[in-house]
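Pasted below: protein16.txt, compact mmCIF, C-alpha atoms.
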# COMPACT_ATOMS: atom_id res chain seq x y z
CA MET A 1 53.04 115.57 22.48
CA VAL A 2 52.20 112.22 20.96
CA PHE A 3 54.79 110.79 18.61
CA LEU A 4 52.18 109.27 16.29
CA PRO A 5 48.53 110.33 16.69
CA ASP A 6 45.84 107.82 15.90
CA GLU A 7 44.87 109.51 12.62
CA ALA A 8 48.38 108.77 11.34
CA ARG A 9 47.25 105.16 10.93
CA SER A 10 44.89 106.28 8.16
CA LEU A 11 47.93 107.08 6.04
CA PRO A 12 49.62 104.38 3.94
CA PRO A 13 52.56 103.12 6.00
CA PRO A 14 56.05 103.62 4.56
CA PRO A 15 57.70 100.47 3.16
CA ILE A 16 60.20 98.72 5.41
CA ALA A 17 62.91 99.65 2.87
CA ASN A 18 62.65 103.44 2.95
CA ARG A 19 65.19 106.24 2.61
CA ILE A 20 65.17 107.32 6.26
CA SER A 21 65.62 103.75 7.51
CA ALA A 22 68.41 103.14 5.01
CA TRP A 23 70.26 106.30 6.03
CA LEU A 24 69.93 105.71 9.78
CA GLY A 25 70.88 102.06 9.28
CA PHE A 26 74.01 103.21 7.47
CA CYS A 27 74.73 105.71 10.27
CA GLY A 28 74.43 102.89 12.82
CA TRP A 29 76.76 100.71 10.80
CA PHE A 30 79.25 103.56 10.49
CA ALA A 31 79.06 104.12 14.25
CA ALA A 32 80.02 100.46 14.75
CA LEU A 33 82.94 100.90 12.35
CA LEU A 34 84.03 104.03 14.25
CA ASP A 35 83.83 102.08 17.51
CA ASN A 36 86.11 99.46 15.97
CA GLY A 37 88.50 102.17 14.85
CA PHE A 38 88.65 103.93 18.22
CA ASN A 39 89.30 100.65 20.04
CA GLN A 40 92.06 99.68 17.63
CA ARG A 41 90.23 96.64 16.23
CA PRO A 42 90.14 95.70 12.53
CA VAL A 43 87.59 98.17 11.20
CA LEU A 44 85.43 95.97 8.95
CA ARG A 45 86.14 92.44 10.16
CA ALA A 46 85.71 92.90 13.92
CA GLY A 47 82.50 92.96 15.92
CA VAL A 48 80.13 91.89 13.14
CA HIS A 49 77.47 91.27 15.81
CA ARG A 50 77.89 94.89 16.88
CA GLN A 51 77.67 96.15 13.28
CA ILE A 52 74.47 94.17 12.70
CA LEU A 53 72.94 95.39 15.99
CA PHE A 54 73.72 99.08 15.35
CA THR A 55 72.43 98.84 11.77
CA THR A 56 69.23 97.17 13.01
CA VAL A 57 68.63 99.83 15.66
CA GLY A 58 69.13 102.58 13.07
CA TRP A 59 66.74 100.89 10.62
CA PHE A 60 64.13 100.39 13.35
CA VAL A 61 64.25 104.02 14.53
CA GLY A 62 64.18 105.16 10.90
CA TYR A 63 60.90 103.35 10.23
CA TYR A 64 59.10 105.20 13.04
CA LEU A 65 60.69 108.50 12.04
CA ALA A 66 59.51 107.90 8.45
CA LYS A 67 55.97 107.35 9.70
CA ARG A 68 56.07 110.58 11.69
CA THR A 69 57.58 112.49 8.74
CA GLU A 70 54.78 111.29 6.44
CA TYR A 71 52.21 112.30 9.04
CA MET A 72 53.67 115.81 9.47
CA TYR A 73 53.70 116.43 5.70
CA ALA A 74 50.18 115.03 5.30
CA LYS A 75 48.90 117.28 8.09
CA VAL A 76 50.41 120.39 6.51
CA ASP A 77 49.01 119.40 3.09
CA ARG A 78 45.57 118.86 4.55
CA GLU A 79 45.55 122.28 6.25
CA LEU A 80 46.87 123.97 3.09
CA LEU A 81 44.29 122.38 0.79
CA GLU A 82 41.52 123.12 3.28
CA TYR A 83 42.53 126.80 3.28
CA VAL A 84 42.57 126.85 -0.54
CA ARG A 85 39.13 125.25 -0.57
CA GLN A 86 37.74 127.84 1.85
CA HIS A 87 39.20 130.87 0.01
CA PRO A 88 38.54 130.22 -3.70
CA GLU A 89 38.56 133.95 -4.50
CA ASP A 90 42.28 134.13 -3.69
CA PHE A 91 43.18 131.18 -5.86
CA ARG A 92 41.37 131.80 -9.11
CA GLY A 93 43.34 130.38 -11.98
CA ALA A 94 44.37 132.66 -14.88
CA GLU A 95 41.52 132.98 -17.36
CA LYS A 96 42.28 131.78 -20.85
CA ARG A 97 42.75 134.73 -23.17
CA ARG A 98 42.32 134.46 -26.88
CA ILE A 99 45.37 135.16 -28.99
CA GLY A 100 43.62 138.09 -30.60
CA GLU A 101 43.32 139.90 -27.29
CA VAL A 102 46.94 139.33 -26.34
CA PHE A 103 48.60 140.96 -29.33
CA GLU A 104 48.32 144.60 -30.38
CA GLU A 105 46.30 145.48 -33.42
CA PHE A 106 48.18 144.67 -36.60
CA HIS A 107 48.77 147.47 -39.11
CA PRO A 108 50.59 146.08 -42.14
CA VAL A 109 53.15 148.38 -43.69
CA ARG A 110 53.11 147.58 -47.36
CA MET B 1 115.67 125.48 34.88
CA ALA B 2 117.07 122.86 37.25
CA ALA B 3 114.08 123.27 39.57
CA ALA B 4 111.71 122.68 36.67
CA LEU B 5 113.59 119.51 35.69
CA ARG B 6 113.45 118.22 39.29
CA ALA B 7 109.72 118.97 39.48
CA GLU B 8 109.13 117.12 36.23
CA LYS B 9 111.07 114.06 37.48
CA ALA B 10 109.08 114.03 40.73
CA TRP B 11 105.81 114.29 38.82
CA ARG B 12 106.80 111.45 36.48
CA LEU B 13 107.71 109.20 39.46
CA ALA B 14 104.37 109.92 41.11
CA ALA B 15 102.45 109.19 37.91
CA THR B 16 103.87 105.71 37.24
CA THR B 17 102.17 103.88 40.13
CA PRO B 18 98.61 102.97 39.02
CA ALA B 19 98.47 99.81 41.15
CA LEU B 20 98.46 101.43 44.62
CA ALA B 21 95.99 99.57 46.80
CA PHE B 22 94.75 102.56 48.80
CA THR B 23 94.00 104.90 45.88
CA ARG B 24 91.16 104.29 43.47
CA SER B 25 91.05 106.11 40.22
CA ALA B 26 88.61 106.02 37.37
CA PHE B 27 91.45 106.60 34.94
CA VAL B 28 93.08 103.16 34.88
CA ALA B 29 92.79 101.48 31.49
CA ARG B 30 93.16 97.77 30.97
CA LYS B 31 93.89 96.18 27.63
CA ARG B 32 90.87 94.19 26.39
CA ASN B 33 91.49 90.51 25.71
CA TYR B 34 90.20 89.56 22.25
CA ASP B 35 91.40 85.92 22.28
CA GLN B 36 87.94 84.60 23.12
CA PRO B 37 84.73 86.00 21.60
CA ASN B 38 82.51 87.75 24.12
CA TRP B 39 79.84 85.04 23.79
CA PRO B 40 77.21 86.61 26.09
CA GLY B 41 77.61 89.87 24.18
CA VAL B 42 77.38 88.11 20.82
CA VAL B 43 74.25 86.18 21.81
CA LEU B 44 72.62 89.35 23.20
CA ALA B 45 73.49 91.36 20.09
CA PHE B 46 72.19 88.77 17.61
CA GLY B 47 69.15 88.03 19.77
CA THR B 48 68.25 91.70 20.07
CA SER B 49 68.74 92.24 16.32
CA ALA B 50 66.49 89.29 15.47
CA ALA B 51 63.84 90.49 17.94
CA LEU B 52 63.95 94.04 16.53
CA TRP B 53 63.58 92.84 12.92
CA ALA B 54 60.71 90.52 13.86
CA TYR B 55 58.96 93.35 15.71
CA LEU B 56 59.52 95.72 12.79
CA PHE B 57 57.99 93.31 10.25
CA LYS B 58 55.04 92.64 12.55
CA GLN B 59 54.49 96.39 13.12
CA HIS B 60 54.60 97.04 9.36
CA ASN B 61 52.08 94.31 8.61
CA ASP B 62 49.79 95.63 11.35
CA ASP B 63 50.08 99.13 9.90
CA VAL B 64 49.18 97.89 6.41
CA MET B 65 46.18 95.94 7.74
CA GLU B 66 44.95 98.96 9.72
CA TYR B 67 45.33 101.27 6.71
CA GLU B 68 43.42 98.88 4.44
CA ARG B 69 40.71 98.48 7.09
CA ARG B 70 40.24 102.24 7.46
CA LYS B 71 40.21 102.71 3.68
CA ARG B 72 37.48 100.07 3.37
CA GLU B 73 35.44 101.62 6.17
CA LYS B 74 35.70 105.12 4.71
CA HIS B 75 34.64 103.86 1.28
CA HIS B 76 31.79 101.94 2.87
CA LYS B 77 30.61 104.98 4.83
CA CYS B 78 30.82 107.40 1.91
CA THR B 79 29.15 105.27 -0.74
CA ASP B 80 26.48 104.11 1.73
CA CYS B 81 26.36 100.48 0.65
CA SER B 82 25.51 101.37 -2.93

Translate the structure of the given file into structure tokens.
Amino acid sequence: MVFLPDEARSLPPPPIANRISAWLGFCGWFAALLDNGFNQRPVLRAGVHRQILFTTVGWFVGYYLAKRTEYMYAKVDRELLEYVRQHPEDFRGAEKRRIGEVFEEFHPVR
Amino acid sequence: MAAALRAEKAWRLAATTPALAFTRSAFVARKRNYDQPNWPGVVLAFGTSAALWAYLFKQHNDDVMEYERRKREKHHKCTDCS
């Protein structure tokens, strides 16, 4: 199983600032804060080099995960649209009906 | 009751000697010394972070170039040099 097949490069790449990277970067930063907490160091002020490293690793992994996520969704969309294209009889849109056909015949009571 | 107390005292005496030379245990904890920064660790952490960011930006630019290239080629192929 390839992580990113070659055809994934035909998709527009996600921006460096993307949701998955941001979340995993935050998770990395929080892991550094937890490490500070468990080792009885000041939580925010200690080990800034560690906080930066963990955040960076999270952001980095998030970028590649974002690329794979985009590829998986694009693949499913392609297969879905191809199926719709090959079976038009199952996907006929509702025909437009005139308003006169929708309502019952009108008998005024005067 | 007295036997349990004696057993507890014996156990406590046996447990307070972590510095025996002929026994090695994985469960000895030392207090870390935070007076000096861990300079090798700091340099490695910052260096690795910088390298990862540089690689990420390079990878992103390569991805953008490759995507643009494939888009141009597909357009070229489909429209047949019109």

Counting all atoms listed in the file, chain A residues within 8 Å of chain B, as an mmCIF file with C-alpha atoms, keeping the file's coordinate frame:
data_model
loop_
_atom_site.group_PDB
_atom_site.id
_atom_site.type_symbol
_atom_site.label_atom_id
_atom_site.label_comp_id
_atom_site.auth_asym_id
_atom_site.auth_seq_id
_atom_site.Cartn_x
_atom_site.Cartn_y
_atom_site.Cartn_z
ATOM 1 C CA ARG A 9 47.250 105.160 10.930
ATOM 2 C CA SER A 10 44.890 106.280 8.160
ATOM 3 C CA LEU A 11 47.930 107.080 6.040
ATOM 4 C CA PRO A 12 49.620 104.380 3.940
ATOM 5 C CA PRO A 13 52.560 103.120 6.000
ATOM 6 C CA PRO A 15 57.700 100.470 3.160
ATOM 7 C CA ILE A 16 60.200 98.720 5.410
ATOM 8 C CA HIS A 49 77.470 91.270 15.810
ATOM 9 C CA ARG A 50 77.890 94.890 16.880
ATOM 10 C CA ILE A 52 74.470 94.170 12.700
ATOM 11 C CA LEU A 53 72.940 95.390 15.990
ATOM 12 C CA THR A 56 69.230 97.170 13.010
ATOM 13 C CA VAL A 57 68.630 99.830 15.660
ATOM 14 C CA PHE A 60 64.130 100.390 13.350
#

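Atom CA of Ala46 of chain A lies 20.7 Å from atom CA of Leu24 of chain A.
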
What separates atom CA of Asn18 of chain A and atom CA of Leu4 of chain A is a distance of 17.9 Å

As a PyMOL selection string, please: the residues near Ala74 of chain A (cut-off 10 Å, only C-alpha atoms, same-chain neighbours under 6 positions excluded). chain A and resi 8+11+68+80

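The space separating atom CA of Gln51 of chain A from atom CA of Ala32 of chain A comes to 5.1 Å.
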
Using all atoms listed in the file, the residue out of A:Pro108, A:Pro14, A:Gly37, A:Gly28 with shortest distance to Phe54 of chain A is A:Gly28
